[in-house]
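What's in query.pdb: PDB, C-alpha atoms
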```pdb
ATOM      1  CA  MET P1331     -38.315 -18.278  51.446  1.00  0.00           C
ATOM      2  CA  ALA P1332     -39.183 -14.749  50.215  1.00  0.00           C
ATOM      3  CA  GLU P1333     -35.599 -14.286  49.044  1.00  0.00           C
ATOM      4  CA  GLU P1334     -35.756 -17.485  46.997  1.00  0.00           C
ATOM      5  CA  GLU P1335     -38.990 -16.366  45.364  1.00  0.00           C
ATOM      6  CA  THR P1336     -37.447 -13.005  44.466  1.00  0.00           C
ATOM      7  CA  ILE P1337     -34.460 -14.667  42.766  1.00  0.00           C
ATOM      8  CA  ALA P1338     -36.711 -17.036  40.851  1.00  0.00           C
ATOM      9  CA  ALA P1339     -38.800 -14.148  39.597  1.00  0.00           C
ATOM     10  CA  GLN P1340     -35.827 -12.530  37.824  1.00  0.00           C
ATOM     11  CA  PRO P1341     -35.428 -13.294  34.105  1.00  0.00           C
ATOM     12  CA  ALA P1342     -32.949 -16.027  33.253  1.00  0.00           C
ATOM     13  CA  THR P1343     -31.189 -13.866  30.623  1.00  0.00           C
ATOM     14  CA  GLU P1344     -30.808 -10.155  29.992  1.00  0.00           C
ATOM     15  CA  THR P1345     -30.624  -8.473  26.591  1.00  0.00           C
ATOM     16  CA  LYS P1346     -27.737  -6.035  26.361  1.00  0.00           C
ATOM     17  CA  PRO P1347     -28.544  -2.956  24.246  1.00  0.00           C
ATOM     18  CA  LEU P1348     -26.523  -2.653  21.043  1.00  0.00           C
ATOM     19  CA  THR P1349     -24.094   0.204  20.547  1.00  0.00           C
ATOM     20  CA  GLU P1350     -22.332   1.402  17.413  1.00  0.00           C
ATOM     21  CA  ARG P1351     -19.370  -0.765  18.377  1.00  0.00           C
ATOM     22  CA  ASP P1352     -21.570  -3.864  18.151  1.00  0.00           C
ATOM     23  CA  ILE P1353     -22.814  -3.182  14.627  1.00  0.00           C
ATOM     24  CA  ARG P1354     -21.576  -5.599  11.985  1.00  0.00           C
ATOM     25  CA  VAL P1355     -19.130  -4.305   9.377  1.00  0.00           C
ATOM     26  CA  SER P1356     -19.118  -4.828   5.619  1.00  0.00           C
ATOM     27  CA  ASP P1357     -16.327  -5.883   3.266  1.00  0.00           C
ATOM     28  CA  ASP P1358     -16.058  -2.264   2.066  1.00  0.00           C
ATOM     29  CA  GLU P1359     -15.375  -1.082   5.622  1.00  0.00           C
ATOM     30  CA  ARG P1360     -12.736  -3.770   6.132  1.00  0.00           C
ATOM     31  CA  GLU P1361     -11.010  -2.880   2.848  1.00  0.00           C
ATOM     32  CA  HIS P1362     -11.134   0.810   3.727  1.00  0.00           C
ATOM     33  CA  VAL P1363      -9.364   0.185   7.030  1.00  0.00           C
ATOM     34  CA  VAL P1364      -6.683  -1.853   5.232  1.00  0.00           C
ATOM     35  CA  GLY P1365      -6.132   1.177   2.991  1.00  0.00           C
ATOM     36  CA  VAL P1366      -5.786   3.399   6.059  1.00  0.00           C
ATOM     37  CA  LEU P1367      -3.219   0.990   7.505  1.00  0.00           C
ATOM     38  CA  GLN P1368      -1.293   1.174   4.252  1.00  0.00           C
ATOM     39  CA  LYS P1369      -1.127   4.952   4.559  1.00  0.00           C
ATOM     40  CA  ALA P1370       0.092   4.525   8.124  1.00  0.00           C
ATOM     41  CA  ILE P1371       2.938   2.210   7.098  1.00  0.00           C
ATOM     42  CA  GLY P1372       3.824   4.654   4.343  1.00  0.00           C
ATOM     43  CA  GLN P1373       4.300   7.370   6.958  1.00  0.00           C
ATOM     44  CA  GLY P1374       6.379   5.232   9.298  1.00  0.00           C
ATOM     45  CA  MET P1375       3.659   4.691  11.917  1.00  0.00           C
ATOM     46  CA  LEU P1376       3.757   0.904  11.522  1.00  0.00           C
ATOM     47  CA  THR P1377       6.399  -1.693  10.748  1.00  0.00           C
ATOM     48  CA  LEU P1378       5.799  -4.274   8.043  1.00  0.00           C
ATOM     49  CA  ASP P1379       5.109  -6.968  10.659  1.00  0.00           C
ATOM     50  CA  GLU P1380       2.617  -4.709  12.450  1.00  0.00           C
ATOM     51  CA  PHE P1381       0.911  -3.900   9.169  1.00  0.00           C
ATOM     52  CA  THR P1382       0.571  -7.590   8.297  1.00  0.00           C
ATOM     53  CA  GLU P1383      -0.813  -8.472  11.738  1.00  0.00           C
ATOM     54  CA  ARG P1384      -3.313  -5.617  11.765  1.00  0.00           C
ATOM     55  CA  THR P1385      -4.425  -6.320   8.213  1.00  0.00           C
ATOM     56  CA  ASP P1386      -5.279  -9.874   9.226  1.00  0.00           C
ATOM     57  CA  GLN P1387      -7.224  -8.544  12.216  1.00  0.00           C
ATOM     58  CA  ALA P1388      -9.100  -6.024  10.070  1.00  0.00           C
ATOM     59  CA  LEU P1389     -10.114  -8.619   7.489  1.00  0.00           C
ATOM     60  CA  ALA P1390     -11.347 -10.912  10.250  1.00  0.00           C
ATOM     61  CA  ALA P1391     -13.250  -8.193  12.137  1.00  0.00           C
ATOM     62  CA  ARG P1392     -16.991  -8.713  12.545  1.00  0.00           C
ATOM     63  CA  THR P1393     -18.008  -5.549  14.390  1.00  0.00           C
ATOM     64  CA  ARG P1394     -17.065  -1.893  14.316  1.00  0.00           C
ATOM     65  CA  GLY P1395     -15.483  -2.210  17.727  1.00  0.00           C
ATOM     66  CA  GLU P1396     -13.157  -4.977  16.520  1.00  0.00           C
ATOM     67  CA  LEU P1397     -12.338  -2.965  13.405  1.00  0.00           C
ATOM     68  CA  ASN P1398     -11.477   0.110  15.451  1.00  0.00           C
ATOM     69  CA  THR P1399      -9.000  -1.905  17.520  1.00  0.00           C
ATOM     70  CA  VAL P1400      -6.393  -1.935  14.752  1.00  0.00           C
ATOM     71  CA  LEU P1401      -6.521   1.880  14.521  1.00  0.00           C
ATOM     72  CA  ALA P1402      -6.792   2.751  18.221  1.00  0.00           C
ATOM     73  CA  ASP P1403      -3.173   3.935  18.664  1.00  0.00           C
ATOM     74  CA  LEU P1404      -2.879   5.725  15.310  1.00  0.00           C
ATOM     75  CA  PRO P1405      -3.544   9.456  15.837  1.00  0.00           C
ATOM     76  CA  GLY P1406      -6.521  10.883  13.978  1.00  0.00           C
ATOM     77  CA  LEU P1407      -7.627   7.580  12.442  1.00  0.00           C
ATOM     78  CA  VAL P1408     -10.311   6.197  14.766  1.00  0.00           C
ATOM     79  CA  HIS P1409     -13.884   6.921  13.738  1.00  0.00           C
ATOM     80  CA  PRO P1410     -16.524   6.492  16.471  1.00  0.00           C
ATOM     81  CA  GLY P1411     -18.469   4.043  14.333  1.00  0.00           C
ATOM     82  CA  ALA P1412     -15.610   2.653  12.212  1.00  0.00           C
ATOM     83  CA  ALA P1413     -17.503   3.793   9.141  1.00  0.00           C
ATOM     84  CA  PRO P1414     -15.690   4.511   5.873  1.00  0.00           C
ATOM     85  CA  GLN P1415     -15.021   8.160   6.699  1.00  0.00           C
ATOM     86  CA  TYR P1416     -11.808   8.854   8.538  1.00  0.00           C
ATOM     87  CA  ALA P1417      -9.821  11.977   9.171  1.00  0.00           C
ATOM     88  CA  PRO P1418      -7.160  12.163   6.445  1.00  0.00           C
ATOM     89  CA  LEU P1419      -3.563  11.613   7.369  1.00  0.00           C
ATOM     90  CA  PRO P1420      -1.308  14.653   7.144  1.00  0.00           C
ATOM     91  CA  GLU P1421       0.941  14.896   4.114  1.00  0.00           C
ATOM     92  CA  PRO P1422       4.287  13.193   4.756  1.00  0.00           C
ATOM     93  CA  PRO P1423       7.216  15.581   5.117  1.00  0.00           C
ATOM     94  CA  GLY P1424       9.933  15.676   2.525  1.00  0.00           C
ATOM     95  CA  TYR P1425       8.106  16.480  -0.711  1.00  0.00           C
ATOM     96  CA  GLY P1426      10.008  18.939  -2.808  1.00  0.00           C
ATOM     97  CA  PRO P1427       8.365  21.766  -4.755  1.00  0.00           C
ATOM     98  CA  ASN P1428       8.337  19.763  -7.994  1.00  0.00           C
ATOM     99  CA  TYR P1429       6.416  16.688  -6.866  1.00  0.00           C
ATOM    100  CA  GLY P1430       3.768  17.305  -4.272  1.00  0.00           C
ATOM    101  CA  LEU P1431       0.750  15.041  -3.873  1.00  0.00           C
ATOM    102  CA  GLY P1432      -0.980  16.632  -6.865  1.00  0.00           C
ATOM    103  CA  ARG P1433       2.001  16.533  -9.235  1.00  0.00           C
ATOM    104  CA  ARG P1434       4.093  13.961 -11.053  1.00  0.00           C
ATOM    105  CA  LEU P1435       7.586  13.073  -9.995  1.00  0.00           C
ATOM    106  CA  GLU P1436       9.921  13.061 -13.006  1.00  0.00           C
ATOM    107  CA  LEU P1437      13.149  11.068 -12.863  1.00  0.00           C
ATOM    108  CA  ASN P1438      15.562  11.516 -15.764  1.00  0.00           C
ATOM    109  CA  ALA P1439      18.950  10.009 -16.538  1.00  0.00           C
ATOM    110  CA  LYS P1440      21.176   9.362 -19.555  1.00  0.00           C
ATOM    111  CA  TYR P1441      24.288   7.191 -19.798  1.00  0.00           C
ATOM    112  CA  SER P1442      24.084   6.634 -16.046  1.00  0.00           C
ATOM    113  CA  SER P1443      22.324   4.611 -13.378  1.00  0.00           C
ATOM    114  CA  LEU P1444      19.114   5.871 -11.788  1.00  0.00           C
ATOM    115  CA  GLN P1445      18.303   4.580  -8.310  1.00  0.00           C
ATOM    116  CA  ARG P1446      15.863   5.284  -5.514  1.00  0.00           C
ATOM    117  CA  SER P1447      15.727   3.355  -2.231  1.00  0.00           C
ATOM    118  CA  GLY P1448      15.170   3.746   1.487  1.00  0.00           C
ATOM    119  CA  PRO P1449      12.329   5.907   2.901  1.00  0.00           C
ATOM    120  CA  TRP P1450      11.911   8.021  -0.232  1.00  0.00           C
ATOM    121  CA  GLN P1451       8.665   9.844  -1.022  1.00  0.00           C
ATOM    122  CA  VAL P1452       6.453   8.394  -3.760  1.00  0.00           C
ATOM    123  CA  PRO P1453       3.577  10.544  -5.091  1.00  0.00           C
ATOM    124  CA  ALA P1454       0.549   9.336  -7.037  1.00  0.00           C
ATOM    125  CA  ALA P1455       2.242   9.595 -10.447  1.00  0.00           C
ATOM    126  CA  MET P1456       5.792   9.210 -11.738  1.00  0.00           C
ATOM    127  CA  VAL P1457       7.610   9.436 -15.054  1.00  0.00           C
ATOM    128  CA  VAL P1458      10.904   7.564 -15.336  1.00  0.00           C
ATOM    129  CA  ARG P1459      13.133   8.279 -18.334  1.00  0.00           C
ATOM    130  CA  ASN P1460      16.510   6.675 -18.793  1.00  0.00           C
ATOM    131  CA  LYS P1461      18.563   6.116 -21.937  1.00  0.00           C
ATOM    132  CA  TYR P1462      21.649   3.922 -22.046  1.00  0.00           C
ATOM    133  CA  GLY P1463      21.585   3.403 -18.289  1.00  0.00           C
ATOM    134  CA  SER P1464      20.106   1.132 -15.620  1.00  0.00           C
ATOM    135  CA  THR P1465      17.138   2.002 -13.414  1.00  0.00           C
ATOM    136  CA  LYS P1466      16.426   0.551  -9.980  1.00  0.00           C
ATOM    137  CA  LEU P1467      13.427   1.674  -7.935  1.00  0.00           C
ATOM    138  CA  ASP P1468      13.163   0.056  -4.514  1.00  0.00           C
ATOM    139  CA  PHE P1469       9.742   0.644  -2.907  1.00  0.00           C
ATOM    140  CA  THR P1470      10.431  -1.560   0.131  1.00  0.00           C
ATOM    141  CA  GLU P1471      10.690   1.351   2.596  1.00  0.00           C
ATOM    142  CA  ALA P1472       9.139   4.026   0.406  1.00  0.00           C
ATOM    143  CA  ARG P1473       6.559   6.410   1.809  1.00  0.00           C
ATOM    144  CA  VAL P1474       3.711   6.090  -0.647  1.00  0.00           C
ATOM    145  CA  ALA P1475       1.149   8.889  -0.820  1.00  0.00           C
ATOM    146  CA  THR P1476      -1.748   6.981  -2.406  1.00  0.00           C
ATOM    147  CA  PRO P1477      -3.042   3.387  -2.703  1.00  0.00           C
ATOM    148  CA  VAL P1478      -2.406   3.470  -6.482  1.00  0.00           C
ATOM    149  CA  VAL P1479       0.819   4.753  -8.061  1.00  0.00           C
ATOM    150  CA  GLN P1480       1.013   5.431 -11.798  1.00  0.00           C
ATOM    151  CA  ILE P1481       4.499   4.848 -13.231  1.00  0.00           C
ATOM    152  CA  GLU P1482       5.231   5.782 -16.846  1.00  0.00           C
ATOM    153  CA  LEU P1483       8.395   4.148 -18.117  1.00  0.00           C
ATOM    154  CA  ASP P1484      10.527   5.432 -20.998  1.00  0.00           C
ATOM    155  CA  SER P1485      13.593   3.209 -20.944  1.00  0.00           C
ATOM    156  CA  LYS P1486      15.899   2.721 -23.911  1.00  0.00           C
ATOM    157  CA  TRP P1487      18.867   0.355 -23.993  1.00  0.00           C
ATOM    158  CA  GLY P1488      18.973  -0.194 -20.267  1.00  0.00           C
ATOM    159  CA  SER P1489      17.542  -2.457 -17.581  1.00  0.00           C
ATOM    160  CA  VAL P1490      14.710  -1.541 -15.223  1.00  0.00           C
ATOM    161  CA  GLU P1491      14.305  -3.201 -11.829  1.00  0.00           C
ATOM    162  CA  LEU P1492      11.344  -2.570  -9.543  1.00  0.00           C
ATOM    163  CA  ILE P1493      11.311  -3.936  -5.984  1.00  0.00           C
ATOM    164  CA  ILE P1494       7.917  -3.952  -4.279  1.00  0.00           C
ATOM    165  CA  PRO P1495       6.864  -5.071  -0.759  1.00  0.00           C
ATOM    166  CA  GLN P1496       5.161  -8.420  -0.223  1.00  0.00           C
ATOM    167  CA  HIS P1497       1.788  -6.747   0.376  1.00  0.00           C
ATOM    168  CA  ALA P1498       1.948  -4.677  -2.830  1.00  0.00           C
ATOM    169  CA  ALA P1499       0.995  -5.564  -6.412  1.00  0.00           C
ATOM    170  CA  VAL P1500       1.717  -4.451  -9.961  1.00  0.00           C
ATOM    171  CA  ASP P1501      -0.305  -3.971 -13.118  1.00  0.00           C
ATOM    172  CA  TYR P1502       1.743  -3.835 -16.301  1.00  0.00           C
ATOM    173  CA  ASN P1503      -1.051  -4.590 -18.752  1.00  0.00           C
ATOM    174  CA  SER P1504      -0.918  -1.026 -20.092  1.00  0.00           C
ATOM    175  CA  ILE P1505       2.740  -1.082 -21.119  1.00  0.00           C
ATOM    176  CA  THR P1506       2.605  -0.218 -24.802  1.00  0.00           C
ATOM    177  CA  GLU P1507       5.899  -1.691 -25.970  1.00  0.00           C
ATOM    178  CA  ILE P1508       8.651  -4.073 -24.913  1.00  0.00           C
ATOM    179  CA  LYS P1509      11.070  -4.279 -27.837  1.00  0.00           C
ATOM    180  CA  PHE P1510      14.400  -6.089 -27.994  1.00  0.00           C
ATOM    181  CA  GLY P1511      13.949  -6.865 -24.318  1.00  0.00           C
ATOM    182  CA  SER P1512      12.005  -8.911 -21.777  1.00  0.00           C
ATOM    183  CA  LEU P1513       9.621  -8.653 -18.842  1.00  0.00           C
ATOM    184  CA  ASP P1514      10.158 -10.866 -15.800  1.00  0.00           C
ATOM    185  CA  ASP P1515       7.597 -10.576 -13.008  1.00  0.00           C
ATOM    186  CA  LYS P1516       9.013 -12.579 -10.114  1.00  0.00           C
ATOM    187  CA  THR P1517       6.210 -11.456  -7.763  1.00  0.00           C
ATOM    188  CA  GLY P1518       3.306 -13.009  -9.675  1.00  0.00           C
ATOM    189  CA  SER P1519       1.170 -10.101  -8.465  1.00  0.00           C
ATOM    190  CA  ASN P1520       0.021  -8.683 -11.795  1.00  0.00           C
ATOM    191  CA  GLY P1521      -3.743  -8.121 -11.627  1.00  0.00           C
ATOM    192  CA  ARG P1522      -4.005  -9.382  -8.059  1.00  0.00           C
ATOM    193  CA  ALA P1523      -5.106  -7.535  -4.932  1.00  0.00           C
ATOM    194  CA  GLY P1524      -2.430  -5.539  -3.181  1.00  0.00           C
ATOM    195  CA  THR P1525      -1.764  -2.144  -1.652  1.00  0.00           C
ATOM    196  CA  PRO P1526      -0.186  -0.084  -2.942  1.00  0.00           C
ATOM    197  CA  ARG P1527      -0.779  -1.050  -6.550  1.00  0.00           C
ATOM    198  CA  TYR P1528       1.902   0.078  -9.015  1.00  0.00           C
ATOM    199  CA  VAL P1529       0.337   0.616 -12.449  1.00  0.00           C
ATOM    200  CA  LEU P1530       2.998   0.605 -15.184  1.00  0.00           C
ATOM    201  CA  THR P1531       2.645   2.253 -18.574  1.00  0.00           C
ATOM    202  CA  GLY P1532       5.050   3.362 -21.297  1.00  0.00           C
ATOM    203  CA  ARG P1533       7.747   1.372 -23.047  1.00  0.00           C
ATOM    204  CA  VAL P1534      10.961  -0.564 -22.525  1.00  0.00           C
ATOM    205  CA  HIS P1535      13.192  -0.643 -25.594  1.00  0.00           C
ATOM    206  CA  GLY P1536      16.341  -2.720 -25.716  1.00  0.00           C
ATOM    207  CA  GLY P1537      16.448  -3.851 -22.095  1.00  0.00           C
ATOM    208  CA  SER P1538      14.844  -5.984 -19.415  1.00  0.00           C
ATOM    209  CA  LEU P1539      12.093  -5.104 -16.955  1.00  0.00           C
ATOM    210  CA  VAL P1540      12.326  -7.117 -13.727  1.00  0.00           C
ATOM    211  CA  ILE P1541       9.789  -6.888 -10.901  1.00  0.00           C
ATOM    212  CA  ARG P1542      10.617  -8.655  -7.653  1.00  0.00           C
ATOM    213  CA  HIS P1543      10.132  -8.712  -3.898  1.00  0.00           C
ATOM    214  CA  PRO P1544      12.967  -7.798  -1.509  1.00  0.00           C
ATOM    215  CA  ARG P1545      15.476 -10.547  -1.000  1.00  0.00           C
ATOM    216  CA  ARG P1546      15.575 -12.058   2.472  1.00  0.00           C
ATOM    217  CA  GLY P1547      19.366 -12.092   2.662  1.00  0.00           C
ATOM    218  CA  ILE P1548      21.670  -9.210   3.519  1.00  0.00           C
ATOM    219  CA  PHE P1549      22.202  -8.325  -0.116  1.00  0.00           C
ATOM    220  CA  GLY P1550      19.486  -6.406  -1.999  1.00  0.00           C
TER     221      GLY P1550
END
```
Structure re-expressed in structure tokens:
Amino acid sequence: MAEEETIAAQPATETKPLTERDIRVSDDEREHVVGVLQKAIGQGMLTLDEFTERTDQALAARTRGELNTVLADLPGLVHPGAAPQYAPLPEPPGYGPNYGLGRRLELNAKYSSLQRSGPWQVPAAMVVRNKYGSTKLDFTEARVATPVVQIELDSKWGSVELIIPQHAAVDYNSITEIKFGSLDDKTGSNGRAGTPRYVLTGRVHGGSLVIRHPRRGIFG
């Protein structure tokens, strides 16, 4: 009888003390973590499928603990409270002396084709000059240093083709001139959310500018 009275005297529910992991997160924190994931995919830490899955988890996260889950196995990226301050990722290897993170990459060609593809390094700013030749920049596997990439185009009498990942976006509203040519954005991403965002400026004279996603077949 005494045992039954003791059990009945206990509270029906217990309040668990909150920790930092239980604190609700804001949209800014979710977006920050998505940016961190983008840096991770740019350095080869994540595949595209892993990035997509973790981005969905980050955007759906309600607490700091849930938000930290998507970063748990990425070295140097987990903050104890999942707040918008994370240890910066190290600079990706492979930058030459002429285009580090703080400098522009300049690509120049004349009467010839200019191409970049595979896991090539992309800094925050680029200048692409080509006269009487075609230009093809494939960012599908590129290692991008920053969430926003400035690309200044100076193309004359030649085509320009940009290939961006599904999760990326473009902004070509600052292109000053397209003369005797055309612009065909097959991605429909201009002005929309996406990371990285490729901001295009400059001019295209006497040629086409095509922006597209990678083709799903075996031919790129």
Shell around Leu1539 (chain P) at 9 Å using only C-alpha atoms, local window under 3 positions removed, as a PDB file with C-alpha atoms, in the frame of the given file:
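As written to disk, result36.pdb reads:
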```pdb
ATOM      1  CA  SER P1489      17.542  -2.457 -17.581  1.00  0.00           C
ATOM      2  CA  VAL P1490      14.710  -1.541 -15.223  1.00  0.00           C
ATOM      3  CA  GLU P1491      14.305  -3.201 -11.829  1.00  0.00           C
ATOM      4  CA  LEU P1492      11.344  -2.570  -9.543  1.00  0.00           C
ATOM      5  CA  ILE P1508       8.651  -4.073 -24.913  1.00  0.00           C
ATOM      6  CA  GLY P1511      13.949  -6.865 -24.318  1.00  0.00           C
ATOM      7  CA  SER P1512      12.005  -8.911 -21.777  1.00  0.00           C
ATOM      8  CA  LEU P1513       9.621  -8.653 -18.842  1.00  0.00           C
ATOM      9  CA  ASP P1514      10.158 -10.866 -15.800  1.00  0.00           C
ATOM     10  CA  ASP P1515       7.597 -10.576 -13.008  1.00  0.00           C
ATOM     11  CA  VAL P1534      10.961  -0.564 -22.525  1.00  0.00           C
TER      12      VAL P1534
END
```
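The smallest atom-to-atom distance between Glu1383 (chain P) and any of P:Ile1493, P:Ala1472, P:Ile1371, P:Val1400, using only C-alpha atoms, is found for P:Val1400.
Nearest residue to Pro1449 (chain P) among P:Leu1401, P:Met1375, P:Val1474, P:Val1529 is P:Val1474, counting only C-alpha atoms.
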For the atom pair CA of Ala1475 (chain P) and CA of Leu1367 (chain P), what is the interatomic distance in Å to one decimal place? 12.3 Å
Evaluate the PyMOL selection byres ((chain P and resi 1447) around 12) and record the selected residues as a PyMOL selection string, following the chain and residue labels used in the document. chain P and resi 1444-1446+1448-1452+1465-1473+1491-1494+1544+1550
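Take CA of Val1363 (chain P) and CA of Asn1520 (chain P): the distance between them is 22.8 Å.
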Do you have the CA of Asn1503 (chain P)-CA of Lys1369 (chain P) distance handy? 25.2 Å
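With only C-alpha atoms as the atoms that count, the residue of P:Ser1485, P:Glu1396, P:Phe1381, P:Asp1403 with the shortest distance to Leu1437 (chain P) is P:Ser1485.
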